[in-house]
Protein chains: 2
Amino acid sequence: MAAKPSIPKGTRDFSPTEMSKRNYIFDTIRKAFHIFGFQQIETPAMENLSTLMGKYGDEGDKLLFKIQNSGDYFSGLTDEELLSRNAAKLASKFCEKGLRYDLTVPFARYVVMHRDELVFPFKRYQIQPVWRADRPQKGRYREFYQCDADIIGNNSLINEVELIQLIDYVFDKLNIHVAIKLNNRKILAGIAEVIGEPEKIVDITVAIDKIDKIGLDGVIAELKEKGIGDASIEKLLPILQAQGRNEEKLQIIAETLRGNATGEKGVEETKFILDTIKGLKIKSTLDLDLTLARGLNYYTGAILEVKALDVVIGSITGGGRYDNLTGVFGMEGVSGVGISFGADRIYDVMNQLDLYPNEAIHNTQIMFVNFGEKEAIHSLGIIGELRKCGISAELFPSSDKMKKQMGYANNHSIPYVAIIGEQEMNDGTIAVKDMATGEQKQMNIEELKKLFA
Amino acid sequence: MAAKPSIPKGTRDFSPTEMSKRNYIFDTIRKAFHIFGFQQIETPAMENLSTLMGKYGDEGDKLLFKIQNSGDYFSGLTDEELLSRNAAKLASKFCEKGLRYDLTVPFARYVVMHRDELVFPFKRYQIQPVWRADRPQKGRYREFYQCDADIIGNNSLINEVELIQLIDYVFDKLNIHVAIKLNNRKILAGIAEVIGEPEKIVDITVAIDKIDKIGLDGVIAELKEKGIGDASIEKLLPILQAQGRNEEKLQIIAETLRGNATGEKGVEETKFILDTIKGLKIKSTLDLDLTLARGLNYYTGAILEVKALDVVIGSITGGGRYDNLTGVFGMEGVSGVGISFGADRIYDVMNQLDLYPNEAIHNTQIMFVNFGEKEAIHSLGIIGELRKCGISAELFPSSDKMKKQMGYANNHSIPYVAIIGEQEMNDGTIAVKDMATGEQKQMNIEELKKLFA
């Protein structure tokens, strides 16, 4: 007998119920993207490794899934090279392609390849799976979906404002209460300059970013360990401890950064975004969070993250402004701003809070019991009429025992069951049972259609 | 400067316009699947190679994209094994996972793994990409979508009837005129037995399947080449030449197969399907095609294929009845019937005939011109109101020259442009330009909303 089959670790099957829920989330996000004027693209699952390698750091390169070349992938390799058993080096000989690691690098590649067809600003969205050879653990998968929206080729801060509105719109539709955390990489760079440690910006940002996890004392200890002097840390304290309303925090940081060009620009940008959003009245909380840092190599202006308020979970959406998306592919001067919705974490939040409306689950609306060939064929005609009206209807395909047929309807949460026996065939009616109440009524097809109108 | 990036051969990027068109096709099929009571599942892009290998023949095994193991994939390999340079054999050492080749084998694997959760009949659908390391050529890609619907765990011919209704429903919605070709593998098996060549059924079927391409003479030549005797070929002729209405053709074949149990069963099944569909009045043509064979190893009953009538292209949908979907994974006795819509060929047909309705292309409905910060922020408030009503609206993000802003609206086929200057801000109106007629009207927000009602 064949061994029981399994799937690769870190991957998942999705059942019909899970698919209904996931589709509800994806459809909500997709619809919001359209309402905000974003246009969809798709890129292939496989990219050339030359496109992917070197874009995610050394660690990222190791996490790429590489695809073995077809045919004789040994050609051109010497015995010596083979026997070196250098897995990383030989992988680049054995493999020319890899699975995409995120949607950003393929998007940059797309923009460069299609630059002559594009009109800027280009507002694109993309909802596709990505793959990472990460160690699987709870909530971390090797295949997961990203939902990205970016506006490129335009520097206006209106874009940042629109993305915050978009985040607010999506989570309002999903009924998830969120806080949007906002900061600006120019503020962080300014801080590093002002405290006299501009070359330590990476260490400072990495340390600050951990404040939620290790607390203020932990951050101070890590800064000391990285060689940041006491005087510099002293200057950082007001920022790390900044409390109060956004305006108050912005005031504190503005004072610290006075006279520093980069920092002042960051404060000005942040003030514009906060003031404009205030006038537009969004439902989510928008918090200036001076300790928000995000990954370093990428962002150059506003950065943001979204926290769910009613569930303990990491950031469920993130994004920011970047200056040079496509430079790595030889096309300079394309700046942009983008956000990425973390579909799998949003799915976890929705599940924990059970936020799906009833209509999110697509069930068959009515099942016809099968009493035999004659009745079944008669039923198929009626079912055809219902389907023409967009009503989801099915016939149990064989005349099995009533218990089995009703069990199927129950298991699939089908709300109505239609029964057509000889009597009904003769007088042109349908006996319709409401599965919730158990009530049964005779009706004709027009009355039946009205049940679902 | 970095080299200009490219994508792997046989793969494609999809632009916003292409995505709109593809989504129209996928959404139509998806909606039909729901209306007919099918439930969606998704499986991972990667499967264990032990799941995939040996399921598609030797040729298929070669066309699997294999994924290199992470970490040290050389471990356990002797120098001798390495230096053998046996690409196929070493691939199984270097790689444990592969990209799915179709949706059928992953579905069978899913059923076996989730057997305890499933209630039969299980009506599942699945719309996902598959990957094949085929030689790329016009209309053949290395990444393409399949849209499969199957009913498993039930033997009733009602399932075959429902699938034909489903095909009819989908192509009616897509406005593609099609002929559905029907045959039965039991008829083909019966023929091989009756002409005294039961062990040559594969050769016979392969030859017959080519009649469209090589004509009757070609088929006869190939049969002779395969060692089928003249007397046997003589008996085949009435079938190969059968003309006329379905009833007439069925009559011819019934006479040929009289007394052959397998063949008679095939005739009986086919008669039931034809008669029942006749009573249900579908829009497509349903043709009994005794030369339709399809791949051999798989199907055991009804087989069908769909041809577009107004375009010269291969089959755009196919399917049939199989007896033992999951036996290869150790779960016996699961029969089923399924169809697969060829999304990429349907896309080609739709494009050639330009069958997309206007509403298939999701464009922004109104763009607001940006005259500067004050006007932009004012516009964002109005845009927020429109979006709440589900109207797709966007603001040009920066106050660029009018020509550039209008060029963007034109390029994106946005039907209305809103202009808000100082005058409009003061009197609370919006100047709305109809881009098709050039006509411009002042209106308030309620009047604007009505434009899209």
# chains A, B, ... in the order shown; residues from 1 in each chain; ligands from 1
call {"tool": "select_by_dssp", "arguments": {"residues": "segment 51-247 of chain B", "states": "alpha helix (DSSP H)", "output": "PyMOL selection string"}}
result
chain B and resi 51-52+57-62+79-83+87-94+104-113+158-174+185-194+201-208+211-225+230-240+246-247
call {"tool": "residues_around", "arguments": {"residues": "Asn426 of chain B", "least_positions_apart": "4", "cutoff": "12 Å", "atoms": "only C-alpha atoms", "output": "PDB file with all heavy atoms, in the first residue's frame"}}
result
ATOM      1  N   LYS B 374      -4.301  73.333  -0.768  1.00  0.00           N
ATOM      2  CA  LYS B 374      -5.594  73.676  -0.173  1.00  0.00           C
ATOM      3  C   LYS B 374      -6.720  72.937  -0.911  1.00  0.00           C
ATOM      4  O   LYS B 374      -7.561  72.283  -0.307  1.00  0.00           O
ATOM      5  CB  LYS B 374      -5.791  75.190  -0.270  1.00  0.00           C
ATOM      6  CG  LYS B 374      -6.734  75.796   0.729  1.00  0.00           C
ATOM      7  CD  LYS B 374      -6.472  77.313   0.914  1.00  0.00           C
ATOM      8  CE  LYS B 374      -6.085  78.036  -0.353  1.00  0.00           C
ATOM      9  NZ  LYS B 374      -7.170  78.601  -1.164  1.00  0.00           N
ATOM     10  N   GLU B 375      -6.704  73.061  -2.239  1.00  0.00           N
ATOM     11  CA  GLU B 375      -7.737  72.421  -3.050  1.00  0.00           C
ATOM     12  C   GLU B 375      -7.648  70.895  -2.935  1.00  0.00           C
ATOM     13  O   GLU B 375      -8.673  70.195  -2.914  1.00  0.00           O
ATOM     14  CB  GLU B 375      -7.602  72.827  -4.518  1.00  0.00           C
ATOM     15  CG  GLU B 375      -7.912  74.289  -4.813  1.00  0.00           C
ATOM     16  CD  GLU B 375      -6.717  75.208  -4.576  1.00  0.00           C
ATOM     17  OE1 GLU B 375      -5.673  74.717  -4.085  1.00  0.00           O
ATOM     18  OE2 GLU B 375      -6.837  76.407  -4.881  1.00  0.00           O
ATOM     19  N   HIS B 378      -9.193  69.749   0.324  1.00  0.00           N
ATOM     20  CA  HIS B 378     -10.643  69.886   0.189  1.00  0.00           C
ATOM     21  C   HIS B 378     -11.209  68.735  -0.658  1.00  0.00           C
ATOM     22  O   HIS B 378     -12.217  68.109  -0.315  1.00  0.00           O
ATOM     23  CB  HIS B 378     -10.969  71.239  -0.447  1.00  0.00           C
ATOM     24  CG  HIS B 378     -12.424  71.479  -0.684  1.00  0.00           C
ATOM     25  ND1 HIS B 378     -13.268  71.972   0.293  1.00  0.00           N
ATOM     26  CD2 HIS B 378     -13.203  71.275  -1.784  1.00  0.00           C
ATOM     27  CE1 HIS B 378     -14.494  72.060  -0.198  1.00  0.00           C
ATOM     28  NE2 HIS B 378     -14.483  71.646  -1.454  1.00  0.00           N
ATOM     29  N   ILE B 420     -11.771  71.329  -8.907  1.00  0.00           N
ATOM     30  CA  ILE B 420     -12.139  72.157  -7.755  1.00  0.00           C
ATOM     31  C   ILE B 420     -11.093  73.245  -7.588  1.00  0.00           C
ATOM     32  O   ILE B 420      -9.953  72.977  -7.197  1.00  0.00           O
ATOM     33  CB  ILE B 420     -12.258  71.297  -6.479  1.00  0.00           C
ATOM     34  CG1 ILE B 420     -13.399  70.288  -6.638  1.00  0.00           C
ATOM     35  CG2 ILE B 420     -12.497  72.193  -5.267  1.00  0.00           C
ATOM     36  CD1 ILE B 420     -13.720  69.519  -5.392  1.00  0.00           C
ATOM     37  N   GLY B 421     -11.476  74.478  -7.960  1.00  0.00           N
ATOM     38  CA  GLY B 421     -10.613  75.634  -7.760  1.00  0.00           C
ATOM     39  C   GLY B 421     -11.150  76.456  -6.596  1.00  0.00           C
ATOM     40  O   GLY B 421     -11.997  75.994  -5.827  1.00  0.00           O
ATOM     41  N   GLU B 422     -10.674  77.719  -6.486  1.00  0.00           N
ATOM     42  CA  GLU B 422     -11.076  78.566  -5.365  1.00  0.00           C
ATOM     43  C   GLU B 422     -12.584  78.803  -5.392  1.00  0.00           C
ATOM     44  O   GLU B 422     -13.264  78.719  -4.374  1.00  0.00           O
ATOM     45  CB  GLU B 422     -10.328  79.891  -5.434  1.00  0.00           C
ATOM     46  CG  GLU B 422     -10.143  80.464  -4.041  1.00  0.00           C
ATOM     47  CD  GLU B 422      -9.160  81.631  -4.037  1.00  0.00           C
ATOM     48  OE1 GLU B 422      -8.356  81.722  -4.991  1.00  0.00           O
ATOM     49  OE2 GLU B 422      -9.230  82.419  -3.090  1.00  0.00           O
ATOM     50  N   ILE B 430     -18.687  71.396  -7.499  1.00  0.00           N
ATOM     51  CA  ILE B 430     -17.638  70.650  -8.189  1.00  0.00           C
ATOM     52  C   ILE B 430     -17.888  70.832  -9.684  1.00  0.00           C
ATOM     53  O   ILE B 430     -19.023  70.656 -10.139  1.00  0.00           O
ATOM     54  CB  ILE B 430     -17.718  69.149  -7.835  1.00  0.00           C
ATOM     55  CG1 ILE B 430     -17.676  68.948  -6.322  1.00  0.00           C
ATOM     56  CG2 ILE B 430     -16.602  68.373  -8.520  1.00  0.00           C
ATOM     57  CD1 ILE B 430     -18.561  67.820  -5.820  1.00  0.00           C
TER      58      ILE B 430
END
call {"tool": "closest_residue", "arguments": {"among": "A:Val112, A:Ile187, A:Ala436, A:Met350", "to": "chain B", "atoms": "only C-alpha atoms"}}
result
A:Val112
call {"tool": "residues_around", "arguments": {"residues": "Asn184 of chain B", "least_positions_apart": "4", "cutoff": "7 Å", "atoms": "only C-alpha atoms", "output": "mmCIF file with N, CA and C atoms, in the first residue's frame"}}
result
data_model
loop_
_atom_site.group_PDB
_atom_site.id
_atom_site.type_symbol
_atom_site.label_atom_id
_atom_site.label_comp_id
_atom_site.auth_asym_id
_atom_site.auth_seq_id
_atom_site.Cartn_x
_atom_site.Cartn_y
_atom_site.Cartn_z
ATOM 1 N N LEU B 188 -15.194 2.946 -26.385
ATOM 2 C CA LEU B 188 -13.898 2.705 -27.034
ATOM 3 C C LEU B 188 -13.343 1.336 -26.651
ATOM 4 N N GLY B 266 -21.460 1.374 -22.059
ATOM 5 C CA GLY B 266 -21.068 2.705 -22.550
ATOM 6 C C GLY B 266 -22.179 3.356 -23.357
ATOM 7 N N THR B 270 -24.262 6.757 -22.329
ATOM 8 C CA THR B 270 -24.296 7.879 -23.273
ATOM 9 C C THR B 270 -25.720 8.256 -23.624
ATOM 10 N N GLY B 301 -15.202 6.327 -18.081
ATOM 11 C CA GLY B 301 -16.593 6.431 -18.514
ATOM 12 C C GLY B 301 -16.753 7.561 -19.510
ATOM 13 N N ALA B 302 -17.724 8.441 -19.265
ATOM 14 C CA ALA B 302 -17.956 9.573 -20.151
ATOM 15 C C ALA B 302 -16.694 10.420 -20.265
ATOM 16 N N ILE B 303 -16.416 10.887 -21.478
ATOM 17 C CA ILE B 303 -15.347 11.861 -21.680
ATOM 18 C C ILE B 303 -15.910 12.989 -22.519
#
call {"tool": "residues_around", "arguments": {"residues": "Tyr169 of chain A", "least_positions_apart": "5", "cutoff": "10 Å", "atoms": "only C-alpha atoms", "output": "PyMOL selection string"}}
result
(chain A and resi 28-29+32-33+35-36+163-164+174-175+282-284) or (chain B and resi 384+387-388)
call {"tool": "atom_distance", "arguments": {"atom1": "atom CA of Val194 of chain B", "atom2": "atom CA of Leu274 of chain B"}}
result
23.7 Å
call {"tool": "residues_around", "arguments": {"residues": "Ser340 of chain B", "least_positions_apart": "4", "cutoff": "12 Å", "atoms": "only C-alpha atoms", "output": "MDAnalysis selection string"}}
result
chainID B and resid 29 33 102:104 124:128 145:150 163:164 166:167 303:306 315:320 344:346
call {"tool": "select_by_dssp", "arguments": {"residues": "segment 72-187 of chain A", "states": "strand (DSSP E)", "output": "ChimeraX atom specification"}}
result
/A:95-99,122-131,143-152,178-184
call {"tool": "write_last_selection", "arguments": {"atoms": "N, CA and C atoms", "output": "JSON list (two decimals), in the first residue's frame"}}
result
[["chain", "number", "residue", "atom", "x", "y", "z"],
["A", 95, "CYS", "N", 20.99, 26.09, -10.48],
["A", 95, "CYS", "CA", 19.69, 26.77, -10.51],
["A", 95, "CYS", "C", 19.81, 28.16, -11.13],
["A", 96, "GLU", "N", 18.92, 28.47, -12.04],
["A", 96, "GLU", "CA", 18.86, 29.82, -12.61],
["A", 96, "GLU", "C", 17.63, 30.58, -12.14],
["A", 97, "LYS", "N", 16.66, 29.84, -11.58],
["A", 97, "LYS", "CA", 15.39, 30.47, -11.21],
["A", 97, "LYS", "C", 15.09, 30.25, -9.73],
["A", 98, "GLY", "N", 14.28, 31.14, -9.16],
["A", 98, "GLY", "CA", 13.85, 30.97, -7.79],
["A", 98, "GLY", "C", 12.42, 31.44, -7.64],
["A", 99, "LEU", "N", 11.77, 31.03, -6.54],
["A", 99, "LEU", "CA", 10.41, 31.50, -6.27],
["A", 99, "LEU", "C", 10.48, 32.89, -5.65],
["A", 122, "PHE", "N", 2.19, 55.66, -11.12],
["A", 122, "PHE", "CA", 1.66, 54.32, -11.35],
["A", 122, "PHE", "C", 1.18, 53.79, -10.00],
["A", 123, "LYS", "N", -0.12, 53.60, -9.90],
["A", 123, "LYS", "CA", -0.72, 53.07, -8.67],
["A", 123, "LYS", "C", -1.02, 51.61, -8.89],
["A", 124, "ARG", "N", -0.16, 50.74, -8.41],
["A", 124, "ARG", "CA", -0.36, 49.32, -8.70],
["A", 124, "ARG", "C", -0.68, 48.56, -7.41],
["A", 125, "TYR", "N", -1.50, 47.50, -7.59],
["A", 125, "TYR", "CA", -1.63, 46.56, -6.48],
["A", 125, "TYR", "C", -1.37, 45.15, -6.98],
["A", 126, "GLN", "N", -1.05, 44.29, -6.05],
["A", 126, "GLN", "CA", -0.65, 42.92, -6.39],
["A", 126, "GLN", "C", -0.99, 42.05, -5.20],
["A", 127, "ILE", "N", -1.73, 40.97, -5.44],
["A", 127, "ILE", "CA", -2.10, 40.02, -4.38],
["A", 127, "ILE", "C", -1.67, 38.64, -4.85],
["A", 128, "GLN", "N", -0.56, 38.16, -4.34],
["A", 128, "GLN", "CA", -0.05, 36.86, -4.78],
["A", 128, "GLN", "C", 0.72, 36.21, -3.63],
["A", 129, "PRO", "N", 0.90, 34.88, -3.72],
["A", 129, "PRO", "CA", 1.70, 34.22, -2.68],
["A", 129, "PRO", "C", 3.19, 34.50, -2.86],
["A", 130, "VAL", "N", 3.93, 34.41, -1.77],
["A", 130, "VAL", "CA", 5.39, 34.47, -1.80],
["A", 130, "VAL", "C", 5.91, 33.28, -1.01],
["A", 131, "TRP", "N", 7.18, 32.94, -1.24],
["A", 131, "TRP", "CA", 7.75, 31.74, -0.63],
["A", 131, "TRP", "C", 9.07, 32.05, 0.07],
["A", 143, "GLU", "N", 4.84, 29.41, 2.60],
["A", 143, "GLU", "CA", 4.05, 29.98, 1.50],
["A", 143, "GLU", "C", 2.97, 30.85, 2.12],
["A", 144, "PHE", "N", 2.94, 32.11, 1.78],
["A", 144, "PHE", "CA", 1.90, 32.98, 2.32],
["A", 144, "PHE", "C", 1.63, 34.12, 1.34],
["A", 145, "TYR", "N", 0.46, 34.74, 1.49],
["A", 145, "TYR", "CA", 0.05, 35.79, 0.56],
["A", 145, "TYR", "C", 0.49, 37.17, 1.04],
["A", 146, "GLN", "N", 0.88, 38.01, 0.10],
["A", 146, "GLN", "CA", 1.06, 39.43, 0.38],
["A", 146, "GLN", "C", 0.06, 40.21, -0.47],
["A", 147, "CYS", "N", -0.41, 41.34, 0.07],
["A", 147, "CYS", "CA", -1.34, 42.22, -0.64],
["A", 147, "CYS", "C", -0.72, 43.61, -0.62],
["A", 148, "ASP", "N", -0.06, 43.98, -1.70],
["A", 148, "ASP", "CA", 0.70, 45.23, -1.74],
["A", 148, "ASP", "C", 0.03, 46.28, -2.60],
["A", 149, "ALA", "N", 0.04, 47.53, -2.12],
["A", 149, "ALA", "CA", -0.38, 48.67, -2.94],
["A", 149, "ALA", "C", 0.73, 49.71, -2.88],
["A", 150, "ASP", "N", 1.19, 50.17, -4.04],
["A", 150, "ASP", "CA", 2.24, 51.19, -4.11],
["A", 150, "ASP", "C", 1.85, 52.27, -5.10],
["A", 151, "ILE", "N", 2.33, 53.49, -4.80],
["A", 151, "ILE", "CA", 2.20, 54.60, -5.76],
["A", 151, "ILE", "C", 3.62, 55.03, -6.07],
["A", 152, "ILE", "N", 4.03, 54.88, -7.32],
["A", 152, "ILE", "CA", 5.41, 55.24, -7.62],
["A", 152, "ILE", "C", 5.48, 56.34, -8.66],
["A", 178, "VAL", "N", -8.12, 49.20, 14.77],
["A", 178, "VAL", "CA", -6.67, 49.26, 14.67],
["A", 178, "VAL", "C", -6.13, 50.62, 15.09],
["A", 179, "ALA", "N", -4.84, 50.61, 15.48],
["A", 179, "ALA", "CA", -4.07, 51.84, 15.64],
["A", 179, "ALA", "C", -3.02, 51.85, 14.54],
["A", 180, "ILE", "N", -2.94, 52.97, 13.83],
["A", 180, "ILE", "CA", -1.90, 53.12, 12.81],
["A", 180, "ILE", "C", -0.76, 53.90, 13.45],
["A", 181, "LYS", "N", 0.42, 53.28, 13.48],
["A", 181, "LYS", "CA", 1.61, 53.90, 14.05],
["A", 181, "LYS", "C", 2.38, 54.58, 12.94],
["A", 182, "LEU", "N", 2.72, 55.85, 13.14],
["A", 182, "LEU", "CA", 3.42, 56.61, 12.11],
["A", 182, "LEU", "C", 4.75, 57.12, 12.64],
["A", 183, "ASN", "N", 5.77, 57.08, 11.82],
["A", 183, "ASN", "CA", 7.04, 57.74, 12.13],
["A", 183, "ASN", "C", 7.67, 58.16, 10.81],
["A", 184, "ASN", "N", 8.88, 58.67, 10.86],
["A", 184, "ASN", "CA", 9.54, 59.11, 9.64],
["A", 184, "ASN", "C", 11.02, 58.80, 9.74]]
